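Source file data-v7.txt; content: compact mmCIF, C-alpha atoms (C1' of nucleotides).
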```txt
# COMPACT_ATOMS: atom_id res chain seq x y z
CA MET A 1 60.61 46.50 209.94
CA GLU A 2 57.71 45.14 211.91
CA ARG A 3 54.30 45.58 210.35
CA SER A 4 52.25 48.05 212.29
CA ASN A 5 48.87 48.54 210.68
CA GLY A 6 46.41 50.99 211.98
CA LEU A 7 48.84 53.53 213.36
CA SER A 8 48.48 57.17 212.58
CA PRO A 9 50.88 57.81 209.73
CA GLU A 10 52.89 60.58 211.37
CA GLN A 11 53.37 58.59 214.53
CA GLU A 12 54.36 55.45 212.69
CA LEU A 13 56.89 57.51 210.76
CA ALA A 14 58.26 58.95 213.98
CA LEU A 15 58.55 55.48 215.49
CA LEU A 16 60.37 54.14 212.46
CA LYS A 17 62.70 57.13 212.47
CA ALA A 18 63.57 56.58 216.12
CA ARG A 19 64.27 52.94 215.44
CA LYS A 20 66.28 53.68 212.33
CA ARG A 21 68.64 55.96 214.22
CA VAL A 22 69.43 53.26 216.74
CA ILE A 23 69.71 50.52 214.13
CA GLU A 24 72.22 52.55 212.16
CA ALA A 25 74.24 53.56 215.19
CA ILE A 26 74.49 49.96 216.31
CA GLY A 27 75.13 48.68 212.82
CA ASN A 28 77.90 51.16 212.14
CA ASN A 29 79.84 50.39 215.27
CA MET A 30 79.49 46.67 214.91
CA GLU A 31 82.67 46.40 212.92
CA LEU A 32 84.19 46.11 216.41
CA TYR A 33 82.74 42.63 216.51
CA GLY A 34 84.28 41.81 213.16
CA ILE A 35 80.88 41.90 211.53
CA THR A 36 80.08 43.38 208.14
CA PRO A 37 77.90 46.50 207.99
CA SER A 38 74.98 44.66 206.48
CA THR A 39 75.09 41.92 209.10
CA GLY A 40 75.24 44.68 211.68
CA HIS A 41 72.18 46.20 210.12
CA LEU A 42 70.46 42.84 210.25
CA TYR A 43 71.21 42.67 213.94
CA GLY A 44 69.67 46.10 214.43
CA LEU A 45 66.57 45.01 212.55
CA LEU A 46 66.18 41.95 214.73
CA PHE A 47 66.74 44.03 217.85
CA PHE A 48 63.47 45.91 217.37
CA GLN A 49 61.52 42.90 216.29
CA ASN A 50 59.15 41.89 219.02
CA ARG A 51 58.82 38.38 217.76
CA PRO A 52 61.21 35.83 216.26
CA MET A 53 61.81 36.36 212.57
CA THR A 54 62.19 34.07 209.58
CA LEU A 55 64.87 34.29 206.91
CA ASP A 56 62.27 35.27 204.34
CA ALA A 57 60.98 38.11 206.47
CA MET A 58 64.52 39.36 207.00
CA GLY A 59 65.24 39.27 203.28
CA GLN A 60 62.09 41.24 202.60
CA ALA A 61 62.85 43.83 205.27
CA MET A 62 66.50 44.20 204.27
CA GLU A 63 65.75 43.96 200.56
CA MET A 64 68.46 41.39 200.22
CA SER A 65 68.70 37.80 199.14
CA LYS A 66 67.75 34.97 201.41
CA THR A 67 71.24 33.57 200.95
CA SER A 68 72.72 36.68 202.49
CA MET A 69 70.31 36.47 205.39
CA SER A 70 71.30 32.87 205.93
CA THR A 71 75.01 33.63 206.11
CA GLY A 72 74.52 36.83 208.09
CA VAL A 73 72.32 35.22 210.70
CA ARG A 74 74.71 32.32 211.01
CA THR A 75 77.52 34.72 211.85
CA LEU A 76 75.34 36.25 214.54
CA VAL A 77 74.36 32.88 215.93
CA ASP A 78 78.01 31.77 216.04
CA LEU A 79 78.76 34.85 218.13
CA LYS A 80 75.70 34.11 220.27
CA MET A 81 74.30 37.51 219.49
CA VAL A 82 71.20 35.91 218.02
CA ASN A 83 69.42 32.76 219.09
CA LYS A 84 67.58 30.22 217.03
CA VAL A 85 64.09 29.78 218.39
CA TRP A 86 61.77 26.81 218.09
CA GLU A 87 58.11 27.44 217.59
CA LYS A 88 55.78 24.54 217.05
CA GLY A 89 53.70 24.73 213.95
CA SER A 90 56.33 26.63 211.98
CA ARG A 91 58.52 24.76 209.60
CA LYS A 92 60.80 27.76 209.18
CA ASP A 93 63.78 28.61 211.35
CA LEU A 94 63.12 31.53 213.64
CA TYR A 95 65.67 33.88 215.12
CA GLU A 96 65.70 36.55 217.79
CA VAL A 97 68.42 38.70 219.35
CA GLU A 98 69.94 37.84 222.68
CA LEU A 99 68.70 40.79 224.72
CA ASP A 100 71.19 40.34 227.55
CA TRP A 101 74.00 42.46 226.19
CA TYR A 102 76.25 41.78 229.16
CA GLN A 103 76.09 38.15 228.19
CA THR A 104 76.65 39.01 224.54
CA PHE A 105 79.73 41.00 225.48
CA ALA A 106 81.14 38.15 227.57
CA ASP A 107 80.42 35.60 224.86
CA PHE A 108 82.08 37.71 222.21
CA PHE A 109 85.22 38.02 224.28
CA SER A 110 85.27 34.41 225.10
CA ILE A 111 84.76 33.29 221.53
CA LYS A 112 86.95 35.74 219.65
CA TRP A 113 89.55 37.14 222.01
CA GLY A 114 89.88 33.99 224.04
CA LYS A 115 90.54 31.91 220.97
CA ALA A 116 93.11 34.39 219.68
CA ALA A 117 94.82 34.46 223.06
CA GLU A 118 95.13 30.68 223.13
CA ILE A 119 96.56 30.55 219.62
CA ASN A 120 99.07 33.29 220.35
CA LEU A 121 100.07 31.69 223.63
CA GLN A 122 100.77 28.44 221.87
CA ALA A 123 102.95 30.14 219.26
CA LEU A 124 104.78 32.12 221.93
CA ARG A 125 105.51 29.03 224.01
CA LYS A 126 106.80 27.08 221.06
CA SER A 127 109.08 29.89 219.96
CA ARG A 128 110.17 30.40 223.54
CA SER A 129 111.45 26.87 223.84
CA GLU A 130 113.18 27.12 220.50
CA LEU A 131 114.98 30.24 221.61
CA LEU A 132 116.02 28.55 224.83
CA ALA A 133 117.47 25.73 222.74
CA ILE A 134 119.49 28.22 220.72
CA ALA A 135 120.70 29.84 223.91
CA ASP A 136 121.76 26.46 225.27
CA SER A 137 123.90 25.63 222.29
CA TYR A 138 125.78 28.85 222.79
CA THR A 139 128.43 29.21 220.10
CA GLY A 140 130.25 32.15 221.52
CA ASP A 141 128.48 34.50 219.16
CA GLU A 142 127.72 37.49 221.31
CA GLU A 143 125.43 39.23 218.87
CA LEU A 144 123.28 36.14 218.59
CA GLU A 145 123.12 35.78 222.35
CA ARG A 146 122.08 39.39 222.70
CA GLN A 147 119.24 39.03 220.22
CA VAL A 148 118.00 35.76 221.65
CA GLN A 149 117.93 37.23 225.13
CA ALA A 150 116.10 40.34 223.93
CA ASP A 151 113.51 38.21 222.16
CA LEU A 152 113.05 36.02 225.22
CA VAL A 153 112.34 39.04 227.40
CA LYS A 154 109.65 40.19 224.98
CA ILE A 155 108.14 36.75 224.60
CA ASP A 156 107.99 36.18 228.36
CA GLU A 157 106.26 39.49 228.82
CA ALA A 158 103.80 38.68 226.03
CA ILE A 159 103.02 35.31 227.62
CA ARG A 160 102.35 37.07 230.90
CA TYR A 161 99.96 39.43 229.16
CA TYR A 162 97.99 36.70 227.39
CA LYS A 163 97.65 34.77 230.63
CA TRP A 164 96.20 37.92 232.16
CA LEU A 165 93.87 38.37 229.23
CA ILE A 166 92.57 34.84 229.62
CA ARG A 167 91.91 35.48 233.32
CA LEU A 168 90.13 38.70 232.41
CA ILE A 169 87.86 36.81 230.05
CA GLU A 170 87.19 34.30 232.80
CA ALA A 171 86.15 37.20 235.01
CA PHE A 172 83.62 38.17 232.33
CA GLU A 173 82.32 34.63 232.03
CA SER A 174 82.02 34.08 235.77
CA GLU A 175 80.40 37.49 236.19
CA ASP A 176 83.05 38.38 238.75
CA ILE A 177 83.54 41.51 236.71
CA PHE A 178 80.31 42.89 238.18
CA GLN A 179 81.95 42.98 241.58
CA LEU A 180 84.36 45.59 240.28
CA VAL A 181 82.04 47.27 237.79
CA PRO A 182 78.46 46.77 238.88
CA LYS A 183 75.64 46.86 236.38
CA GLU A 184 73.93 49.58 238.27
CA ASN A 185 75.79 52.78 238.91
CA GLU A 186 74.09 53.33 242.25
CA MET B 1 113.98 41.62 209.85
CA GLU B 2 116.89 42.94 211.84
CA ARG B 3 120.27 42.37 210.30
CA SER B 4 122.31 39.95 212.27
CA ASN B 5 125.71 39.48 210.69
CA GLY B 6 128.16 37.00 211.98
CA LEU B 7 125.70 34.46 213.27
CA SER B 8 126.04 30.84 212.45
CA PRO B 9 123.64 30.25 209.56
CA GLU B 10 121.63 27.46 211.19
CA GLN B 11 121.14 29.42 214.35
CA GLU B 12 120.15 32.59 212.56
CA LEU B 13 117.62 30.55 210.62
CA ALA B 14 116.26 29.07 213.83
CA LEU B 15 115.97 32.53 215.37
CA LEU B 16 114.13 33.90 212.35
CA LYS B 17 111.81 30.91 212.33
CA ALA B 18 110.95 31.41 215.99
CA ARG B 19 110.24 35.07 215.34
CA LYS B 20 108.24 34.35 212.24
CA ARG B 21 105.87 32.05 214.10
CA VAL B 22 105.09 34.74 216.64
CA ILE B 23 104.80 37.49 214.05
CA GLU B 24 102.29 35.49 212.07
CA ALA B 25 100.27 34.45 215.09
CA ILE B 26 100.03 38.04 216.24
CA GLY B 27 99.38 39.35 212.76
CA ASN B 28 96.61 36.87 212.08
CA ASN B 29 94.67 37.61 215.22
CA MET B 30 95.01 41.33 214.88
CA GLU B 31 91.82 41.61 212.91
CA LEU B 32 90.30 41.87 216.39
CA TYR B 33 91.76 45.36 216.52
CA GLY B 34 90.23 46.23 213.19
CA ILE B 35 93.62 46.12 211.55
CA THR B 36 94.41 44.67 208.15
CA PRO B 37 96.60 41.56 208.01
CA SER B 38 99.51 43.42 206.48
CA THR B 39 99.40 46.14 209.12
CA GLY B 40 99.26 43.37 211.68
CA HIS B 41 102.31 41.84 210.11
CA LEU B 42 104.04 45.20 210.25
CA TYR B 43 103.28 45.33 213.95
CA GLY B 44 104.83 41.91 214.41
CA LEU B 45 107.93 43.02 212.55
CA LEU B 46 108.31 46.07 214.75
CA PHE B 47 107.76 43.95 217.83
CA PHE B 48 111.03 42.08 217.35
CA GLN B 49 112.97 45.10 216.29
CA ASN B 50 115.34 46.09 219.02
CA ARG B 51 115.67 49.63 217.82
CA PRO B 52 113.27 52.17 216.33
CA MET B 53 112.67 51.67 212.63
CA THR B 54 112.28 54.00 209.66
CA LEU B 55 109.61 53.79 206.99
CA ASP B 56 112.20 52.86 204.41
CA ALA B 57 113.49 50.01 206.52
CA MET B 58 109.96 48.74 207.04
CA GLY B 59 109.25 48.87 203.32
CA GLN B 60 112.39 46.92 202.61
CA ALA B 61 111.63 44.29 205.26
CA MET B 62 107.98 43.92 204.27
CA GLU B 63 108.72 44.20 200.54
CA MET B 64 106.01 46.78 200.25
CA SER B 65 105.76 50.38 199.19
CA LYS B 66 106.71 53.20 201.48
CA THR B 67 103.19 54.58 201.07
CA SER B 68 101.74 51.44 202.58
CA MET B 69 104.16 51.63 205.46
CA SER B 70 103.17 55.21 206.05
CA THR B 71 99.47 54.45 206.23
CA GLY B 72 99.97 51.24 208.17
CA VAL B 73 102.15 52.82 210.79
CA ARG B 74 99.75 55.70 211.12
CA THR B 75 96.95 53.28 211.95
CA LEU B 76 99.15 51.73 214.62
CA VAL B 77 100.13 55.11 216.04
CA ASP B 78 96.48 56.20 216.17
CA LEU B 79 95.74 53.12 218.23
CA LYS B 80 98.80 53.86 220.38
CA MET B 81 100.21 50.45 219.56
CA VAL B 82 103.29 52.06 218.10
CA ASN B 83 105.07 55.19 219.21
CA LYS B 84 106.89 57.76 217.15
CA VAL B 85 110.39 58.20 218.51
CA TRP B 86 112.70 61.18 218.25
CA GLU B 87 116.35 60.56 217.73
CA LYS B 88 118.70 63.45 217.22
CA GLY B 89 120.76 63.29 214.11
CA SER B 90 118.12 61.44 212.14
CA ARG B 91 115.89 63.33 209.79
CA LYS B 92 113.64 60.33 209.34
CA ASP B 93 110.66 59.45 211.51
CA LEU B 94 111.35 56.50 213.75
CA TYR B 95 108.79 54.13 215.21
CA GLU B 96 108.79 51.43 217.86
CA VAL B 97 106.08 49.27 219.40
CA GLU B 98 104.57 50.08 222.75
CA LEU B 99 105.82 47.12 224.75
CA ASP B 100 103.32 47.54 227.60
CA TRP B 101 100.52 45.43 226.21
CA TYR B 102 98.25 46.07 229.19
CA GLN B 103 98.42 49.72 228.25
CA THR B 104 97.86 48.89 224.60
CA PHE B 105 94.78 46.91 225.52
CA ALA B 106 93.39 49.74 227.65
CA ASP B 107 94.09 52.31 224.95
CA PHE B 108 92.43 50.23 222.29
CA PHE B 109 89.29 49.90 224.34
CA SER B 110 89.24 53.50 225.21
CA ILE B 111 89.75 54.64 221.63
CA LYS B 112 87.55 52.22 219.73
CA TRP B 113 84.95 50.80 222.09
CA GLY B 114 84.64 53.94 224.14
CA LYS B 115 83.96 56.02 221.09
CA ALA B 116 81.41 53.57 219.78
CA ALA B 117 79.69 53.46 223.16
CA GLU B 118 79.39 57.24 223.26
CA ILE B 119 77.97 57.41 219.76
CA ASN B 120 75.45 54.67 220.46
CA LEU B 121 74.45 56.23 223.76
CA GLN B 122 73.75 59.51 222.03
CA ALA B 123 71.57 57.83 219.41
CA LEU B 124 69.74 55.83 222.06
CA ARG B 125 69.01 58.91 224.16
CA LYS B 126 67.71 60.87 221.24
CA SER B 127 65.44 58.08 220.10
CA ARG B 128 64.35 57.51 223.68
CA SER B 129 63.07 61.06 224.03
CA GLU B 130 61.33 60.85 220.67
CA LEU B 131 59.55 57.70 221.75
CA LEU B 132 58.50 59.36 224.99
CA ALA B 133 57.05 62.19 222.94
CA ILE B 134 55.03 59.72 220.88
CA ALA B 135 53.81 58.06 224.05
CA ASP B 136 52.76 61.44 225.45
CA SER B 137 50.62 62.30 222.45
CA TYR B 138 48.77 59.05 222.89
CA THR B 139 46.10 58.72 220.23
CA GLY B 140 44.27 55.78 221.63
CA ASP B 141 46.05 53.46 219.25
CA GLU B 142 46.81 50.45 221.39
CA GLU B 143 49.08 48.72 218.92
CA LEU B 144 51.23 51.82 218.66
CA GLU B 145 51.40 52.14 222.43
CA ARG B 146 52.44 48.53 222.76
CA GLN B 147 55.27 48.91 220.27
CA VAL B 148 56.52 52.16 221.74
CA GLN B 149 56.59 50.67 225.21
CA ALA B 150 58.42 47.57 223.97
CA ASP B 151 61.01 49.72 222.22
CA LEU B 152 61.48 51.87 225.31
CA VAL B 153 62.19 48.84 227.46
CA LYS B 154 64.86 47.71 225.03
CA ILE B 155 66.38 51.14 224.69
CA ASP B 156 66.53 51.68 228.44
CA GLU B 157 68.27 48.36 228.86
CA ALA B 158 70.73 49.21 226.10
CA ILE B 159 71.50 52.55 227.72
CA ARG B 160 72.16 50.77 230.99
CA TYR B 161 74.56 48.42 229.21
CA TYR B 162 76.52 51.17 227.48
CA LYS B 163 76.87 53.08 230.75
CA TRP B 164 78.31 49.91 232.24
CA LEU B 165 80.65 49.48 229.29
CA ILE B 166 81.97 53.00 229.73
CA ARG B 167 82.60 52.32 233.41
CA LEU B 168 84.37 49.11 232.48
CA ILE B 169 86.66 51.03 230.13
CA GLU B 170 87.34 53.52 232.89
CA ALA B 171 88.37 50.59 235.09
CA PHE B 172 90.88 49.64 232.40
CA GLU B 173 92.19 53.19 232.14
CA SER B 174 92.50 53.71 235.87
CA GLU B 175 94.10 50.29 236.26
CA ASP B 176 91.46 49.37 238.82
CA ILE B 177 90.99 46.25 236.73
CA PHE B 178 94.20 44.86 238.19
CA GLN B 179 92.57 44.73 241.59
CA LEU B 180 90.16 42.16 240.26
CA VAL B 181 92.47 40.50 237.75
CA PRO B 182 96.06 40.99 238.86
CA LYS B 183 98.87 40.93 236.34
CA GLU B 184 100.60 38.16 238.22
CA ASN B 185 98.73 34.97 238.84
CA GLU B 186 100.41 34.45 242.21
C1' DC C 1 118.74 80.70 198.11
C1' DA C 2 118.73 76.38 195.56
C1' DG C 3 118.72 71.39 196.07
C1' DA C 4 117.82 67.08 198.21
C1' DA C 5 115.36 64.06 201.31
C1' DC C 6 111.29 63.04 203.66
C1' DG C 7 106.33 61.83 204.48
C1' DT C 8 101.81 61.69 202.63
C1' DA C 9 97.54 62.92 199.42
C1' DC C 10 95.49 61.16 195.63
C1' DA C 11 94.09 58.47 191.65
C1' DG C 12 94.36 54.23 189.42
C1' DT C 13 95.09 49.26 189.73
C1' DT C 14 94.91 44.98 191.96
C1' DA C 15 93.15 41.94 195.29
C1' DT C 16 89.62 40.66 198.52
C1' DT C 17 85.22 40.48 200.26
C1' DT C 18 80.35 40.61 199.89
C1' DC C 19 76.25 39.58 197.58
C1' DT C 20 73.27 37.09 194.34
C1' DG C 21 71.04 33.27 191.68
C1' DT C 22 70.99 28.60 190.81
C1' DA C 23 71.03 24.05 192.34
C1' DC C 24 70.58 20.53 195.58
C1' DG C 25 69.85 17.68 199.87
C1' DA C 26 66.80 17.23 203.81
C1' DA C 27 62.47 17.09 205.88
C1' DG C 28 57.54 17.82 206.15
C1' DA C 29 52.98 17.57 203.55
C1' DT C 30 49.69 15.31 200.59
C1' DA D 1 55.84 7.74 197.24
C1' DT D 2 55.68 12.21 195.19
C1' DC D 3 55.52 16.99 195.66
C1' DT D 4 56.60 21.21 198.28
C1' DT D 5 59.15 24.00 201.14
C1' DC D 6 63.15 25.12 203.50
C1' DG D 7 68.11 26.30 204.28
C1' DT D 8 72.59 26.44 202.44
C1' DA D 9 76.80 25.21 199.18
C1' DC D 10 78.82 27.00 195.41
C1' DA D 11 80.32 29.81 191.51
C1' DG D 12 80.14 34.03 189.35
C1' DA D 13 79.16 39.18 189.57
C1' DA D 14 79.31 43.40 192.03
C1' DA D 15 81.16 46.21 195.48
C1' DT D 16 84.83 47.35 198.65
C1' DA D 17 89.26 47.64 200.42
C1' DA D 18 94.21 47.40 199.98
C1' DC D 19 98.25 48.58 197.60
C1' DT D 20 101.22 51.21 194.38
C1' DG D 21 103.43 55.06 191.83
C1' DT D 22 103.44 59.72 191.01
C1' DA D 23 103.27 64.25 192.55
C1' DC D 24 103.63 67.73 195.88
C1' DG D 25 104.35 70.38 200.24
C1' DT D 26 107.66 70.71 204.01
C1' DT D 27 111.88 70.72 206.20
C1' DC D 28 116.64 70.29 206.52
C1' DT D 29 121.39 71.05 203.98
C1' DG D 30 124.87 73.27 201.89
```

Turn this file's structure into structure tokens for me.
Amino acid sequence: MERSNGLSPEQELALLKARKRVIEAIGNNMELYGITPSTGHLYGLLFFQNRPMTLDAMGQAMEMSKTSMSTGVRTLVDLKMVNKVWEKGSRKDLYEVELDWYQTFADFFSIKWGKAAEINLQALRKSRSELLAIADSYTGDEELERQVQADLVKIDEAIRYYKWLIRLIEAFESEDIFQLVPKENE
Amino acid sequence: MERSNGLSPEQELALLKARKRVIEAIGNNMELYGITPSTGHLYGLLFFQNRPMTLDAMGQAMEMSKTSMSTGVRTLVDLKMVNKVWEKGSRKDLYEVELDWYQTFADFFSIKWGKAAEINLQALRKSRSELLAIADSYTGDEELERQVQADLVKIDEAIRYYKWLIRLIEAFESEDIFQLVPKENE
DNA sequence: CAGAACGTACAGTTATTTCTGTACGAAGAT
DNA sequence: ATCTTCGTACAGAAATAACTGTACGTTCTG
């Protein structure tokens, strides 16, 4: 929590309470990003920081080890939710949240969902060609044929879906999505 | 795994191998849905099942307890990834995967992300009004004012983002998304 | 009305993940 | 060059989550 000397005590308390509510709400729902609760909490802390923060300061504020801060902040940086900041004069690494949440959302999708889609597509295509090979060497076994065909239908449909998903992610990245869903609800 | 008697052994093996690759790819990346690996694996199993499946059959195929199947399948039903099916004559509950993955995607967003967005919005709005109250009872403390104003800017921007996110989810639900990103890439 | 079959709640166990403290390599300071 | 300071790898400890077996309520069967 940012130091705030010289505030009237009740008001400082009220400010911290207002922040705490938001930090906890954000932190709790951050499991959607595949992030642990404490890393989510760290994100919330950084969100209200008005200046870049060091690992030591985070550890002090979170009452956790510096090691945990290091791994937590790395997770956030990998997801581009937090940026490493350079400040001359300081030997310590400094971090601050990416405040453009539209960008954060697009990056998350690109990094996590996009990667998963590519991996699944690859597996689907490989299995698809294997099934086609089985179908080619048809042995007159009707039950086998039936199953192979049923699997192929499902796999083709899944491939179609993942291709769509990848195009959707591209629409996030290119910001085309804002044509359909504008930032401002006029 | 579905019984498939009367197949030539090599071909059955090849079929199972092709399925296994897809099941594992899907299962591995299903952490994105907040699902445990074994529930993800269960989903993959059901995906290649050509008929609805009972809990006992799942337990046998997964080599896991019926209790685990019960809780796993409930998770999947809650997310609308799997549907409970009624079949006259059978006293057992039957389940099958929802094969429309576009629908599954939309439902997941609606259920998980939509809920999180609503909760966060509520917290943000409450804290926003508290901060406005602090700002109103201005005590001449400039540092406090500065912090409150900085927090308000961030909160207002976050509210704007969550409103956008909710509209995005609505575009998934209404299928308007397919105007921008069509299912078929012509 | 028993009796059997089904799905799940719950508590205990097992497995996994998260967190910490120590140790070490890299890079700046003296 | 030596001495700090910094961030992180790594191994063990603590906390959490997943899985199982038993027990029980419900619903169908005879």

Report as a Markdown table the residues of region 9-118 of chain A within 8 Å of region 15-21 of chain C, each with its shortest atom pair and distance in Å (one decimal), using all atoms listed in the file, ordered by chain and increasing residue number.
```
| residue | atom | partner | partner_atom | distance |
| --- | --- | --- | --- | --- |
| A:Ser65 | CA | C:DT20 | C1' | 6.7 |
| A:Thr67 | CA | C:DT20 | C1' | 7.8 |
| A:Ser68 | CA | C:DC19 | C1' | 6.7 |
```

Fill in: Contact set, chain B to chain C: 8 Å, all atoms listed in the file, as a list in words
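That gives the following set of residues: Thr67, Ser70, Arg91 and Lys92 of chain B.
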
Worksheet item: Mind pulling up the distance from CA of Asn50 (chain A) to CA of Arg21 (chain A)?
Response: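 Separation of CA of Arg21 (chain A) and CA of Asn50 (chain A): 17.6 Å.
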
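Among A:Lys183, A:Lys66, A:Leu121, A:Leu79, the residue with the shortest atom-to-atom distance to chain D, counting only C-alpha atoms (C1' of nucleotides), is A:Lys66.
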
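Straight-line separation from C1' of DG7 (chain D) to CA of Lys88 (chain A): 17.8 Å.
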
Residues within 8 Å of Lys126 (chain B), all atoms listed in the file, excluding chain neighbours under 4 positions, as a PDB file with C-alpha atoms, in the frame of the given file:
```pdb
ATOM      1  CA  ALA A  18      63.570  56.580 216.120  1.00  0.00           C
TER       2      ALA A  18
ATOM      3  CA  GLN B 122      73.750  59.510 222.030  1.00  0.00           C
ATOM      4  CA  GLU B 130      61.330  60.850 220.670  1.00  0.00           C
TER       5      GLU B 130
END
```

Worksheet item: Which residues come within 12 Å of Glu96 (chain B), counting all atoms listed in the file, excluding same-chain residues fewer than 4 positions away, as a ChimeraX atom specification?
Response: /B:42-55,58,73,76-77,80-87,100

Discussion item. Quick check: residues of chain B within 6 Å of chain A, all atoms listed in the file, returned as a PyMOL selection string.
Written reply: chain B and resi 18+22+25+29+116+120+123-124+127+164+183

Worksheet entry | Among the residues D:DC28, D:DA9, D:DC3, D:DA23, the one that comes closest to chain B [using all atoms listed in the file] |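 Using all atoms listed in the file, chain B sits closest to D:DC28.
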
Discussion item. So the first atom is CA of Met69 (chain A) and the second is CA of Tyr95 (chain A); what is the distance between them in Å, to one decimal place?
Written reply: 11.1 Å

Worksheet item: Quick one: which residues from chain D are at most 10 Å off chain B, using all atoms listed in the file, as a VMD selection string?
Response: chain D and resid 17 to 21 27 to 28
